[in-house]
Amino acid sequence: MASYKPTKITVYPKLGEKVTQDTVYWKNYKAPIQIKEFGAVTNINFSPVAPHNFAVTAFTRIHIYGPFSHEPVKSFTRFKDTAYCGRFRSDGQLLVAGCEDSVVRLFDVNGKVALRMYKGHTKAVHVTDFTSDSYQILTGSDDYSCRLWDIPNATELNAYQEHTDYIRCGHLFSSECNRTSTFSQFVSKKEHRSYDHTLKVFDGRVDKSVMTLDHGQPVESLLLYPSEGLLVSAGGRFVKVWDLLKKGQPLVSLKNHHKTVTCLCLSSNGERLLSGSLDRHVKVYNTTSYKVVHNFDYAASILSLALAPNDESIVVGMTNGILNLKHRKNAEESKEISGQQRRRPSYRVFVKGKNYFPKQDDYLVSKPVKQHLAKYDKQLKKFNVSKALDTALEAWTRLKKPEITVAVIKELDRRGTLKNALAGRDEQGLSRLLYFLIGNLFDPRFAPVLVTAAEMILDIYQSVIGQSSVVDRQLLRLQEMLEREIDYQQELLEVLGMLDTVFASSLPRKEVPCSAISKSNGLTQGEGRLQLQAT
Amino acid sequence: MVEHGDIRVVHRGGSKINSREPVISSDSRLLLCASGECVKVFSTSTEECIHDLRGHTGLVTGVLLRPSNHLQAYSCSADGTVRLWDFTDGILIKVHLPPPPPHPVFAAHPNTAHLYIVSAKGLQLEVYFFKKQKFSLKENNKKGRKNTFTCVASHPQDDCIATGHEDGKIRLWRNFSHKKEYTYSTLHWHHSVVSSLCFTPEGTNLLSGGVESVLVQWRYNQESQKDFLPRLGAAITHIVVSPDGALFCTSHSDNKITIIQSCVKVSAIIQGLVKGESLSTDLMVDPRSKAMVLNGKPGHLQFYSLQRDKLLFNLDIVQQEYIHQSGLQQFEVVKAAFTASGNWLASVEERKQKDAELELNLKLWMFDEQSQSFVLNTTISAPHEARITAMCFCQSTDSQTTMLVSTSKDGHFKAWQLATPAHTEDDGPSWSCDFVGAYHSLVPECCTFSADGSLLAVSFQEVVTVWSPSSWELLTTLSQPPGAIRDLCFGKLSCSKYLVGTTANNLLCCWNLLTCALEWSTSMNTSLLLADPLSENMAAFCPQAGFTDLFVFKPNEPRPLYSHKAVCSGNVTRAVFAPREEMLDSCEESSQWLNHSQLYFLTQCMVNPTNTKLSKLVIDDSIAMTPFHLLLGKHRGQQQQQESGQDSLSAERTPLPQGSAAIKEVSSSFLHV
């Protein structure tokens, strides 16, 4: 005697975004905090030391925000013109910034007035950075040159003038990568990009560039992997990854944005790459497969992007001067939300008696496992078909899990009792059915089942049409939706036909080698060396 | 005839065990039931078959315990004999000849206490008293009431007869010994035909069963109280109670006997080969269990042991509650296929309603080592828009990817491939569509992979298209008009360059795939072509004038290795090569082809005299070829025909002496140039 087999609820493939580890990780941020700056936010830089304040360069000011405050803890306003590229030194004590007026300023993070001013560039300075030994500053400017400065003396040590257009971004190698060379020889290598579409790698010990890479578009942002073997450049719609250890061989070119990519950022563990673009998206890439694993949407075009250490917060600066901060939810908060959803019985209830293990002489009495059936299944088991359909049409099931309702209707149809279950309903019951049909008849997953049911309903209730205004209105609505769906299907067919023509004309026609064979495999039996059977 | 004298046809099993009601021995330990030409003795506790009481040469039509000795039983047969057996030891004691007339009655119950026989037929109920005149009663069938009698049972002590009716009612007739003063009461639970009724030995309970497959136990005189034993699997055809009343035994329409302990617990199930309305899946051999697989109960695949003539298990394909209602369109398993390793099973189920569209599901099952059974992996609903005509797996064992090809009436064939999903790590691999192919909007009929899996041949009516599964390029087309292709087989091993096909137009063609040309062809009407998976051999069944001939050949030469005229009467519908457990090394050319495998085939009809004659001719040293037969509805007609007189039997026997001459003639005409 077999047990009752419950109604099979079809599991449909989930539409839309798939839940992966990445989506869970990157969605685990609180609601964003928006701060209005004075102008477009061009640069955001996190302090390398705790508490990880960050400097926001916008218009003529640099604001420094604490990790949790929404008001600037400090601001530098002594710029004559638009400030660019405010950056912290590795000890978090000094801040350097370029300016439209070609002067590079060095600040103490606690002071107000610039400690040093580096004059030498003739045009706006867009790039500033500290070298890894903390005693020098690199700057890049619209005068096509790139200079290295000594911090205490404010003297220019070196100038690289190989670029033929504005220099808009640069990155310094740390000394780590040349560990093998002796200390005295080495200063640092510098990396530059410019509006002449090229990336040049300079060696601090010589004057000339050691490597030139062609990006193809004006380069907007540069990023170096912590291993310093791979270089990422963003320009135009492309993000390109270069392998520096193989003489700058291009590794991969990503084209996931549809407007210029403006900023790049690595997650703290180095496994995800983030890129922000004027198309108002931030995309997260897996750095092994270079596939997009997550996507953030923002309100305006993105100019700058930074991740706090440990990915504690994402800070995005936009063209409309809005600074967008998202903080990561802490562990209790995310747990709290899942706990609110449902209160489960306590652990004690589950383990009651389960942790008793039989002793050697105990006689085991096996208990039959009770089969748990859903309510509609219990009613189906008793052949209460109308009740089963009523249960499946309850508001929660109907709205949240229409597949259950459809599965019950399908099961009733299979049993040949769908007509009985649909018949004999009052106005309320019928309008509930029609409401469900209106909502789900046009879902391609449910249509084959529900069309049968809809036909039966019309057959059964055609005699009472006109007696209830509610039902009539719903029937009219159903008809209207059907007509719309038919039109839509027709349009789709037309598009399909057009596409077929396009594809047919674009594909080369391949000849199947059969013409030569058809002669020999025709009805010429003579060549088959057939023998008579000798018995 | 002499050169293949050691090959003979043996009936292997698959006979019906539910055709007659079984008999339980007086100690309730053994169960006797008529099964084809023999009586089988089963143990009621272990379900094992203890003895086969062989000896009859016709269908066994009835089994009865000997009233004077409870260790002996009579059996009567369509061959016109009644035999007495000692069924505990399986010994034939006596053969009665000429026989008393074999059981002709529709249902009869001798009542020992009151000495009458009750018989019901159609709308007529008749009670024959041994002493008095008969009592007869005719139901009126007015107002479209369906109250035709279907079964009767008499109470062991009281003057009470229970009758079952077509409309599901049970009537209890009393007081019929006095004319015109009879009374009756009606019990109604069944919603359709009551097919069997039985009183328990003390007369306290009445058991009834029908198409609902629920055993209902009514209390005698307290008819409002009833017990149910639901979901017995299939419609109940007979109910029998053991003499001590402890065991109930029900036969079911799916060739099953269920043994029930006092109406509460099913203690044993004896299951024979299930034969549905149509054998839509081909016969297959499960590579793991070496069991034969075919569709059985609605929505199930049955695994049937060829060696033991026993059903091993049923695999539930549809996984839905079966509604026992006549006229209801059920899901049927229509196609199934195994991979060469037996790791994967593909099944197709379909349900066609009158006015709704076809419901079609393709399911892929993975063999689970832990539970030692098939576990559902992927369900593809509506894989095609119309019926699936053929399905096959890529047979090569070494290839990395597993591939399934299905062809459908919608004019497409689809290739399905096992793939691991890219996004979710927790899910295992699942199946998805890899390629959809079509050829000039013709309907594909059959498909087959070459032995190494590098070629796929799909036949589109008259045209065979050869595809490369790696690039899905159409490599070549072969055609041999007129006549649509019926079967396609690639050669194996040394003959793997050959593709053999049969057409509807009586043609057997062999193409060489290296030259893409026809190698040879011959004109023969082949109903079935199949290839031995373990050797180069192929077998072709050719129906001819009511009989079927068997030819075995290798694709590389147009000469049969072995031919057997009139293997059986009627058409061979399905056949399969089953691998032998141990290889034989016969050197004789004509029997070499049976070294690796045995050929099993399924016939429509019951054994007929021609076969018995043939087995006399051959030398009985090796039982090589073993078809099994199924009893179908036809045998009833045949049986009645034989009951009517012996002359029809002799008429069938007469043409036999000419058999050998005819064979010579036909075999010489085989494969003429």
# chains A, B, ... in the order shown; residues from 1 in each chain; ligands from 1
call {"tool": "select_by_dssp", "arguments": {"residues": "stretch 76-181 of chain A", "states": "strand (DSSP E)", "output": "MDAnalysis selection string"}}
result
chainID A and resid 76 83:88 94:99 104:108 114:118 125:130 136:141 146:150 155:160 167:172
call {"tool": "residues_around", "arguments": {"residues": "stretch 408-418 of chain B", "least_positions_apart": "4", "cutoff": "10 Å", "atoms": "only C-alpha atoms", "output": "VMD selection string"}}
result
chain B and resid 364 378 383 to 393 400 to 404 429 to 447 458 460 469 472
call {"tool": "closest_residue", "arguments": {"among": "A:Arg415, A:Arg272, A:Arg168, A:His63", "to": "A:Asn384", "atoms": "only C-alpha atoms"}}
result
A:Arg415
call {"tool": "closest_residue", "arguments": {"among": "B:Gly570, B:Pro533, B:Pro230, B:Pro156", "to": "chain A", "atoms": "only C-alpha atoms"}}
result
B:Pro230
call {"tool": "closest_residue", "arguments": {"among": "B:Trp593, B:Tyr74, B:Tyr562, B:Trp189", "to": "chain A", "atoms": "only C-alpha atoms"}}
result
B:Tyr562
call {"tool": "closest_residue", "arguments": {"among": "B:Ser591, B:Ser19, B:Ser68, B:Gln353", "to": "B:His564", "atoms": "only C-alpha atoms"}}
result
B:Ser591
call {"tool": "closest_residue", "arguments": {"among": "A:Pro6, A:Pro152, A:Gly497, A:Gly216", "to": "chain B", "atoms": "only C-alpha atoms"}}
result
A:Pro6
call {"tool": "residues_around", "arguments": {"residues": "stretch 363-372 of chain A", "least_positions_apart": "3", "cutoff": "10 Å", "atoms": "only C-alpha atoms", "output": "JSON, numbers by chain"}}
result
{"A": [3, 4, 5, 6, 358, 359, 360, 375, 377, 378]}
call {"tool": "select_by_dssp", "arguments": {"residues": "stretch 208-345 of chain A", "states": "helix (DSSP H, G or I)", "output": "PDB file with all heavy atoms, in the first residue's frame"}}
result
ATOM      1  N   LEU A 244      52.093  43.564 -16.644  1.00  0.00           N
ATOM      2  CA  LEU A 244      53.361  44.281 -16.724  1.00  0.00           C
ATOM      3  C   LEU A 244      54.543  43.330 -16.765  1.00  0.00           C
ATOM      4  O   LEU A 244      55.599  43.656 -17.298  1.00  0.00           O
ATOM      5  CB  LEU A 244      53.502  45.214 -15.528  1.00  0.00           C
ATOM      6  CG  LEU A 244      52.536  46.393 -15.540  1.00  0.00           C
ATOM      7  CD1 LEU A 244      52.723  47.209 -14.306  1.00  0.00           C
ATOM      8  CD2 LEU A 244      52.739  47.245 -16.772  1.00  0.00           C
ATOM      9  N   LEU A 245      54.378  42.162 -16.194  1.00  0.00           N
ATOM     10  CA  LEU A 245      55.491  41.224 -16.160  1.00  0.00           C
ATOM     11  C   LEU A 245      55.737  40.625 -17.536  1.00  0.00           C
ATOM     12  O   LEU A 245      56.808  40.096 -17.814  1.00  0.00           O
ATOM     13  CB  LEU A 245      55.215  40.118 -15.149  1.00  0.00           C
ATOM     14  CG  LEU A 245      54.988  40.632 -13.728  1.00  0.00           C
ATOM     15  CD1 LEU A 245      54.676  39.481 -12.794  1.00  0.00           C
ATOM     16  CD2 LEU A 245      56.203  41.403 -13.240  1.00  0.00           C
ATOM     17  N   LYS A 246      54.748  40.694 -18.413  1.00  0.00           N
ATOM     18  CA  LYS A 246      54.941  40.220 -19.786  1.00  0.00           C
ATOM     19  C   LYS A 246      55.074  41.409 -20.715  1.00  0.00           C
ATOM     20  O   LYS A 246      54.438  41.460 -21.770  1.00  0.00           O
ATOM     21  CB  LYS A 246      53.741  39.355 -20.200  1.00  0.00           C
ATOM     22  CG  LYS A 246      53.714  38.001 -19.530  1.00  0.00           C
ATOM     23  CD  LYS A 246      52.624  37.145 -20.149  1.00  0.00           C
ATOM     24  CE  LYS A 246      52.489  35.834 -19.418  1.00  0.00           C
ATOM     25  NZ  LYS A 246      51.213  35.192 -19.735  1.00  0.00           N
ATOM     26  N   PRO A 309      38.728  50.632   3.987  1.00  0.00           N
ATOM     27  CA  PRO A 309      39.368  49.349   4.302  1.00  0.00           C
ATOM     28  C   PRO A 309      38.328  48.354   4.820  1.00  0.00           C
ATOM     29  O   PRO A 309      37.383  48.741   5.509  1.00  0.00           O
ATOM     30  CB  PRO A 309      40.377  49.724   5.384  1.00  0.00           C
ATOM     31  CG  PRO A 309      40.673  51.151   5.144  1.00  0.00           C
ATOM     32  CD  PRO A 309      39.443  51.758   4.589  1.00  0.00           C
ATOM     33  N   ASN A 310      38.495  47.100   4.460  1.00  0.00           N
ATOM     34  CA  ASN A 310      37.553  46.021   4.775  1.00  0.00           C
ATOM     35  C   ASN A 310      36.190  46.237   4.136  1.00  0.00           C
ATOM     36  O   ASN A 310      35.194  45.675   4.604  1.00  0.00           O
ATOM     37  CB  ASN A 310      37.368  45.859   6.289  1.00  0.00           C
ATOM     38  CG  ASN A 310      38.592  45.253   6.906  1.00  0.00           C
ATOM     39  OD1 ASN A 310      39.294  44.473   6.270  1.00  0.00           O
ATOM     40  ND2 ASN A 310      38.882  45.664   8.120  1.00  0.00           N
ATOM     41  N   ASP A 311      36.126  47.046   3.120  1.00  0.00           N
ATOM     42  CA  ASP A 311      34.875  47.343   2.419  1.00  0.00           C
ATOM     43  C   ASP A 311      33.786  47.846   3.371  1.00  0.00           C
ATOM     44  O   ASP A 311      32.606  47.564   3.191  1.00  0.00           O
ATOM     45  CB  ASP A 311      34.348  46.098   1.677  1.00  0.00           C
ATOM     46  CG  ASP A 311      35.362  45.544   0.716  1.00  0.00           C
ATOM     47  OD1 ASP A 311      36.284  46.300   0.363  1.00  0.00           O
ATOM     48  OD2 ASP A 311      35.247  44.376   0.326  1.00  0.00           O
ATOM     49  N   ALA A 331      27.030  42.878  11.932  1.00  0.00           N
ATOM     50  CA  ALA A 331      26.507  41.504  11.999  1.00  0.00           C
ATOM     51  C   ALA A 331      25.162  41.431  12.702  1.00  0.00           C
ATOM     52  O   ALA A 331      24.260  40.716  12.276  1.00  0.00           O
ATOM     53  CB  ALA A 331      27.517  40.618  12.701  1.00  0.00           C
ATOM     54  N   GLU A 332      25.000  42.192  13.814  1.00  0.00           N
ATOM     55  CA  GLU A 332      23.742  42.070  14.585  1.00  0.00           C
ATOM     56  C   GLU A 332      22.564  42.573  13.762  1.00  0.00           C
ATOM     57  O   GLU A 332      21.493  42.000  13.767  1.00  0.00           O
ATOM     58  CB  GLU A 332      23.819  42.859  15.890  1.00  0.00           C
ATOM     59  CG  GLU A 332      24.876  42.372  16.835  1.00  0.00           C
ATOM     60  CD  GLU A 332      26.061  43.288  16.882  1.00  0.00           C
ATOM     61  OE1 GLU A 332      25.884  44.449  17.273  1.00  0.00           O
ATOM     62  OE2 GLU A 332      27.162  42.848  16.516  1.00  0.00           O
ATOM     63  N   GLU A 333      22.816  43.641  13.041  1.00  0.00           N
ATOM     64  CA  GLU A 333      21.710  44.232  12.300  1.00  0.00           C
ATOM     65  C   GLU A 333      21.183  43.283  11.233  1.00  0.00           C
ATOM     66  O   GLU A 333      19.980  43.122  11.065  1.00  0.00           O
ATOM     67  CB  GLU A 333      22.158  45.535  11.631  1.00  0.00           C
ATOM     68  CG  GLU A 333      22.011  46.732  12.522  1.00  0.00           C
ATOM     69  CD  GLU A 333      22.510  47.965  11.819  1.00  0.00           C
ATOM     70  OE1 GLU A 333      23.731  48.188  11.818  1.00  0.00           O
ATOM     71  OE2 GLU A 333      21.676  48.672  11.253  1.00  0.00           O
ATOM     72  N   SER A 334      22.123  42.655  10.521  1.00  0.00           N
ATOM     73  CA  SER A 334      21.647  41.773   9.456  1.00  0.00           C
ATOM     74  C   SER A 334      20.964  40.550  10.040  1.00  0.00           C
ATOM     75  O   SER A 334      20.046  40.003   9.457  1.00  0.00           O
ATOM     76  CB  SER A 334      22.802  41.362   8.547  1.00  0.00           C
ATOM     77  OG  SER A 334      23.915  41.018   9.312  1.00  0.00           O
ATOM     78  N   LYS A 335      21.424  40.145  11.216  1.00  0.00           N
ATOM     79  CA  LYS A 335      20.794  38.996  11.847  1.00  0.00           C
ATOM     80  C   LYS A 335      19.396  39.354  12.330  1.00  0.00           C
ATOM     81  O   LYS A 335      18.463  38.587  12.225  1.00  0.00           O
ATOM     82  CB  LYS A 335      21.661  38.531  13.023  1.00  0.00           C
ATOM     83  CG  LYS A 335      21.660  37.018  13.200  1.00  0.00           C
ATOM     84  CD  LYS A 335      22.532  36.612  14.332  1.00  0.00           C
ATOM     85  CE  LYS A 335      23.946  36.316  13.894  1.00  0.00           C
ATOM     86  NZ  LYS A 335      24.837  36.059  15.021  1.00  0.00           N
ATOM     87  N   GLU A 336      19.286  40.547  12.866  1.00  0.00           N
ATOM     88  CA  GLU A 336      18.017  40.994  13.434  1.00  0.00           C
ATOM     89  C   GLU A 336      16.897  40.937  12.392  1.00  0.00           C
ATOM     90  O   GLU A 336      15.788  40.506  12.675  1.00  0.00           O
ATOM     91  CB  GLU A 336      18.196  42.442  13.905  1.00  0.00           C
ATOM     92  CG  GLU A 336      17.288  42.843  15.032  1.00  0.00           C
ATOM     93  CD  GLU A 336      17.672  44.215  15.522  1.00  0.00           C
ATOM     94  OE1 GLU A 336      18.556  44.332  16.372  1.00  0.00           O
ATOM     95  OE2 GLU A 336      17.083  45.166  14.991  1.00  0.00           O
ATOM     96  N   ILE A 337      17.240  41.342  11.210  1.00  0.00           N
ATOM     97  CA  ILE A 337      16.213  41.404  10.168  1.00  0.00           C
ATOM     98  C   ILE A 337      15.715  40.008   9.829  1.00  0.00           C
ATOM     99  O   ILE A 337      14.522  39.760   9.723  1.00  0.00           O
ATOM    100  CB  ILE A 337      16.773  42.143   8.936  1.00  0.00           C
ATOM    101  CG1 ILE A 337      16.789  43.617   9.248  1.00  0.00           C
ATOM    102  CG2 ILE A 337      15.930  41.858   7.716  1.00  0.00           C
ATOM    103  CD1 ILE A 337      17.603  44.439   8.323  1.00  0.00           C
ATOM    104  N   SER A 338      16.666  39.058   9.731  1.00  0.00           N
ATOM    105  CA  SER A 338      16.224  37.710   9.393  1.00  0.00           C
ATOM    106  C   SER A 338      15.456  37.105  10.564  1.00  0.00           C
ATOM    107  O   SER A 338      14.561  36.293  10.366  1.00  0.00           O
ATOM    108  CB  SER A 338      17.424  36.842   9.028  1.00  0.00           C
ATOM    109  OG  SER A 338      18.268  36.722  10.148  1.00  0.00           O
ATOM    110  N   GLY A 339      15.806  37.493  11.797  1.00  0.00           N
ATOM    111  CA  GLY A 339      15.102  36.975  12.959  1.00  0.00           C
ATOM    112  C   GLY A 339      13.677  37.476  13.053  1.00  0.00           C
ATOM    113  O   GLY A 339      12.799  36.776  13.556  1.00  0.00           O
ATOM    114  N   GLN A 340      13.466  38.671  12.534  1.00  0.00           N
ATOM    115  CA  GLN A 340      12.129  39.240  12.625  1.00  0.00           C
ATOM    116  C   GLN A 340      11.130  38.482  11.760  1.00  0.00           C
ATOM    117  O   GLN A 340       9.943  38.489  12.038  1.00  0.00           O
ATOM    118  CB  GLN A 340      12.166  40.694  12.160  1.00  0.00           C
ATOM    119  CG  GLN A 340      12.549  41.645  13.264  1.00  0.00           C
ATOM    120  CD  GLN A 340      12.802  43.032  12.724  1.00  0.00           C
ATOM    121  OE1 GLN A 340      12.766  43.246  11.521  1.00  0.00           O
ATOM    122  NE2 GLN A 340      13.076  43.958  13.605  1.00  0.00           N
ATOM    123  N   GLN A 341      11.661  37.858  10.688  1.00  0.00           N
ATOM    124  CA  GLN A 341      10.742  37.280   9.714  1.00  0.00           C
ATOM    125  C   GLN A 341       9.887  36.176  10.320  1.00  0.00           C
ATOM    126  O   GLN A 341       8.704  36.091  10.071  1.00  0.00           O
ATOM    127  CB  GLN A 341      11.536  36.726   8.527  1.00  0.00           C
ATOM    128  CG  GLN A 341      12.037  37.846   7.662  1.00  0.00           C
ATOM    129  CD  GLN A 341      13.008  37.372   6.617  1.00  0.00           C
ATOM    130  OE1 GLN A 341      13.489  36.255   6.676  1.00  0.00           O
ATOM    131  NE2 GLN A 341      13.305  38.232   5.667  1.00  0.00           N
TER     132      GLN A 341
END
call {"tool": "atom_distance", "arguments": {"atom1": "atom CA of A:Lys255", "atom2": "atom CA of A:Glu271"}}
result
19.1 Å
call {"tool": "closest_residue", "arguments": {"among": "B:Gly272, B:Pro482, B:Gly36, B:Gly428", "to": "chain A", "atoms": "only C-alpha atoms"}}
result
B:Pro482
call {"tool": "residues_around", "arguments": {"residues": "stretch 221-227 of chain B", "least_positions_apart": "3", "cutoff": "9 Å", "atoms": "only C-alpha atoms", "output": "PDB file with C-alpha atoms, in the first residue's frame"}}
result
ATOM      1  CA  LEU B 187     -24.883  -1.678  -0.237  1.00  0.00           C
ATOM      2  CA  THR B 204     -18.830 -12.471   9.367  1.00  0.00           C
ATOM      3  CA  ASN B 205     -17.379 -10.210   6.710  1.00  0.00           C
ATOM      4  CA  LEU B 215     -10.485  -3.391  -0.606  1.00  0.00           C
ATOM      5  CA  VAL B 216     -13.737  -2.824   1.293  1.00  0.00           C
ATOM      6  CA  GLN B 217     -14.663  -5.029   4.212  1.00  0.00           C
ATOM      7  CA  TRP B 218     -18.361  -4.979   5.113  1.00  0.00           C
ATOM      8  CA  CYS B 263      -7.508  -6.545   6.244  1.00  0.00           C
ATOM      9  CA  VAL B 264      -4.962  -4.262   7.844  1.00  0.00           C
TER      10      VAL B 264
END
call {"tool": "atom_distance", "arguments": {"atom1": "atom CA of B:Glu582", "atom2": "atom CA of B:Asn556"}}
result
26.6 Å
call {"tool": "residues_around", "arguments": {"residues": "stretch 332-347 of chain B", "least_positions_apart": "3", "cutoff": "9 Å", "atoms": "only C-alpha atoms", "output": "VMD selection string"}}
result
chain B and resid 279 to 282 284 to 289 293 to 301 317 to 318 329 350 to 351 361 to 368 374 388 to 397 402 404
call {"tool": "write_last_selection", "arguments": {"atoms": "C-alpha atoms", "output": "short mmCIF file (atom, residue, chain, number, x, y, z; two decimals), in the first residue's frame"}}
result
data_model
loop_
_atom_site.label_atom_id
_atom_site.label_comp_id
_atom_site.auth_asym_id
_atom_site.auth_seq_id
_atom_site.Cartn_x
_atom_site.Cartn_y
_atom_site.Cartn_z
CA LEU B 279 4.16 -1.20 -25.04
CA SER B 280 5.26 2.26 -26.02
CA THR B 281 8.77 2.17 -24.64
CA ASP B 282 11.04 -0.26 -26.36
CA MET B 284 15.68 -2.16 -22.89
CA VAL B 285 18.25 -3.78 -20.71
CA ASP B 286 19.42 -1.86 -17.69
CA PRO B 287 23.22 -2.03 -17.94
CA ARG B 288 23.59 -2.18 -14.18
CA SER B 289 21.05 -4.71 -12.99
CA VAL B 293 13.03 -2.41 -18.61
CA LEU B 294 9.72 -1.48 -20.14
CA ASN B 295 6.72 0.58 -19.22
CA GLY B 296 4.40 -1.12 -16.81
CA LYS B 297 1.81 0.35 -14.56
CA PRO B 298 0.61 3.74 -15.73
CA GLY B 299 3.36 6.22 -15.04
CA HIS B 300 5.92 3.61 -14.03
CA LEU B 301 8.89 1.86 -15.57
CA ILE B 317 8.27 8.23 -13.32
CA VAL B 318 5.21 10.44 -13.11
CA GLN B 329 -6.63 9.99 -19.39
CA GLU B 350 2.80 12.28 -22.07
CA ARG B 351 -0.88 12.83 -21.58
CA ASN B 361 7.63 15.92 -19.89
CA LEU B 362 11.19 14.80 -20.44
CA LYS B 363 12.83 13.61 -17.25
CA LEU B 364 16.43 12.70 -16.65
CA TRP B 365 17.32 10.39 -13.81
CA MET B 366 20.73 9.87 -12.32
CA PHE B 367 21.71 6.61 -10.67
CA ASP B 368 22.40 7.21 -7.02
CA PHE B 374 17.42 6.38 -9.94
CA ILE B 388 8.52 12.46 -29.35
CA THR B 389 9.18 9.77 -31.92
CA ALA B 390 12.58 8.52 -30.82
CA MET B 391 15.21 9.18 -28.23
CA CYS B 392 18.74 7.93 -27.76
CA PHE B 393 21.81 8.59 -25.69
CA CYS B 394 25.28 8.96 -27.07
CA GLN B 395 26.56 5.44 -26.51
CA SER B 396 30.29 5.99 -26.29
CA THR B 397 31.61 5.37 -22.83
CA THR B 402 26.74 12.91 -21.98
CA LEU B 404 20.75 12.84 -25.44
#
call {"tool": "residues_around", "arguments": {"residues": "A:Val127", "least_positions_apart": "6", "cutoff": "8 Å", "atoms": "only C-alpha atoms", "output": "PyMOL selection string"}}
result
chain A and resi 84-85+98+138-141+167-170
call {"tool": "atom_distance", "arguments": {"atom1": "atom CA of B:Lys492", "atom2": "atom CA of B:Ala451"}}
result
5.9 Å
call {"tool": "residues_around", "arguments": {"residues": "A:Tyr285", "least_positions_apart": "3", "cutoff": "6 Å", "atoms": "only C-alpha atoms", "output": "CSV table (one decimal) with all heavy atoms, in the first residue's frame"}}
result
chain,number,residue,atom,x,y,z
A,272,ARG,N,37.9,41.6,-6.0
A,272,ARG,CA,36.9,42.3,-6.8
A,272,ARG,C,37.4,43.6,-7.3
A,272,ARG,O,38.1,44.4,-6.5
A,272,ARG,CB,35.6,42.5,-6.0
A,272,ARG,CG,35.0,41.2,-5.5
A,272,ARG,CD,34.4,40.4,-6.6
A,272,ARG,NE,33.7,39.2,-6.2
A,272,ARG,CZ,34.4,38.0,-6.1
A,272,ARG,NH1,35.6,37.9,-6.5
A,272,ARG,NH2,33.7,36.9,-5.7
A,273,LEU,N,37.1,44.0,-8.5
A,273,LEU,CA,37.5,45.3,-9.1
A,273,LEU,C,36.2,46.1,-9.3
A,273,LEU,O,35.2,45.5,-9.7
A,273,LEU,CB,38.2,45.0,-10.4
A,273,LEU,CG,38.5,46.2,-11.2
A,273,LEU,CD1,39.6,47.0,-10.6
A,273,LEU,CD2,38.9,45.8,-12.6
A,290,TYR,N,36.9,38.0,-14.6
A,290,TYR,CA,36.6,39.3,-15.2
A,290,TYR,C,35.1,39.4,-15.7
A,290,TYR,O,34.8,39.9,-16.7
A,290,TYR,CB,37.6,39.7,-16.3
A,290,TYR,CG,38.9,40.0,-15.7
A,290,TYR,CD1,40.0,39.1,-15.8
A,290,TYR,CD2,39.1,41.2,-14.9
A,290,TYR,CE1,41.2,39.4,-15.2
A,290,TYR,CE2,40.3,41.5,-14.3
A,290,TYR,CZ,41.3,40.6,-14.5
A,290,TYR,OH,42.5,40.9,-13.9
A,291,LYS,N,34.2,38.7,-14.9
A,291,LYS,CA,32.8,38.8,-15.2
A,291,LYS,C,32.2,39.8,-14.2
A,291,LYS,O,32.7,39.9,-13.1
A,291,LYS,CB,32.1,37.4,-15.0
A,291,LYS,CG,32.6,36.4,-16.1
A,291,LYS,CD,31.5,36.3,-17.1
A,291,LYS,CE,32.0,35.7,-18.4
A,291,LYS,NZ,32.5,34.3,-18.2
A,292,VAL,N,31.2,40.5,-14.6
A,292,VAL,CA,30.5,41.4,-13.7
A,292,VAL,C,29.7,40.5,-12.7
A,292,VAL,O,28.9,39.7,-13.1
A,292,VAL,CB,29.5,42.3,-14.5
A,292,VAL,CG1,28.7,43.2,-13.5
A,292,VAL,CG2,30.3,43.2,-15.4
A,293,VAL,N,29.9,40.7,-11.4
A,293,VAL,CA,29.2,39.9,-10.5
A,293,VAL,C,28.2,40.8,-9.7
A,293,VAL,O,27.3,40.2,-9.1
A,293,VAL,CB,30.1,39.3,-9.5
A,293,VAL,CG1,31.0,38.2,-10.1
A,293,VAL,CG2,31.0,40.3,-8.7
call {"tool": "closest_atom_pairs", "arguments": {"of": "stretch 366-420 of chain A", "to": "stretch 438-446 of chain A", "cutoff": "12 Å", "atoms": "only C-alpha atoms", "output": "Markdown table"}}
result
| residue | atom | partner | partner_atom | distance |
| --- | --- | --- | --- | --- |
| A:Arg398 | CA | A:Gly439 | CA | 9.6 |
| A:Leu399 | CA | A:Gly439 | CA | 9.0 |
| A:Lys400 | CA | A:Asn440 | CA | 11.9 |
| A:Lys401 | CA | A:Asn440 | CA | 11.2 |
| A:Pro402 | CA | A:Asn440 | CA | 7.8 |
| A:Glu403 | CA | A:Phe446 | CA | 7.8 |
| A:Ile404 | CA | A:Phe446 | CA | 10.7 |
| A:Thr405 | CA | A:Phe446 | CA | 10.0 |
| A:Val406 | CA | A:Phe446 | CA | 6.7 |
| A:Ala407 | CA | A:Phe446 | CA | 9.1 |
| A:Val408 | CA | A:Phe446 | CA | 11.8 |
| A:Ile409 | CA | A:Phe446 | CA | 10.3 |
| A:Lys410 | CA | A:Phe446 | CA | 9.7 |
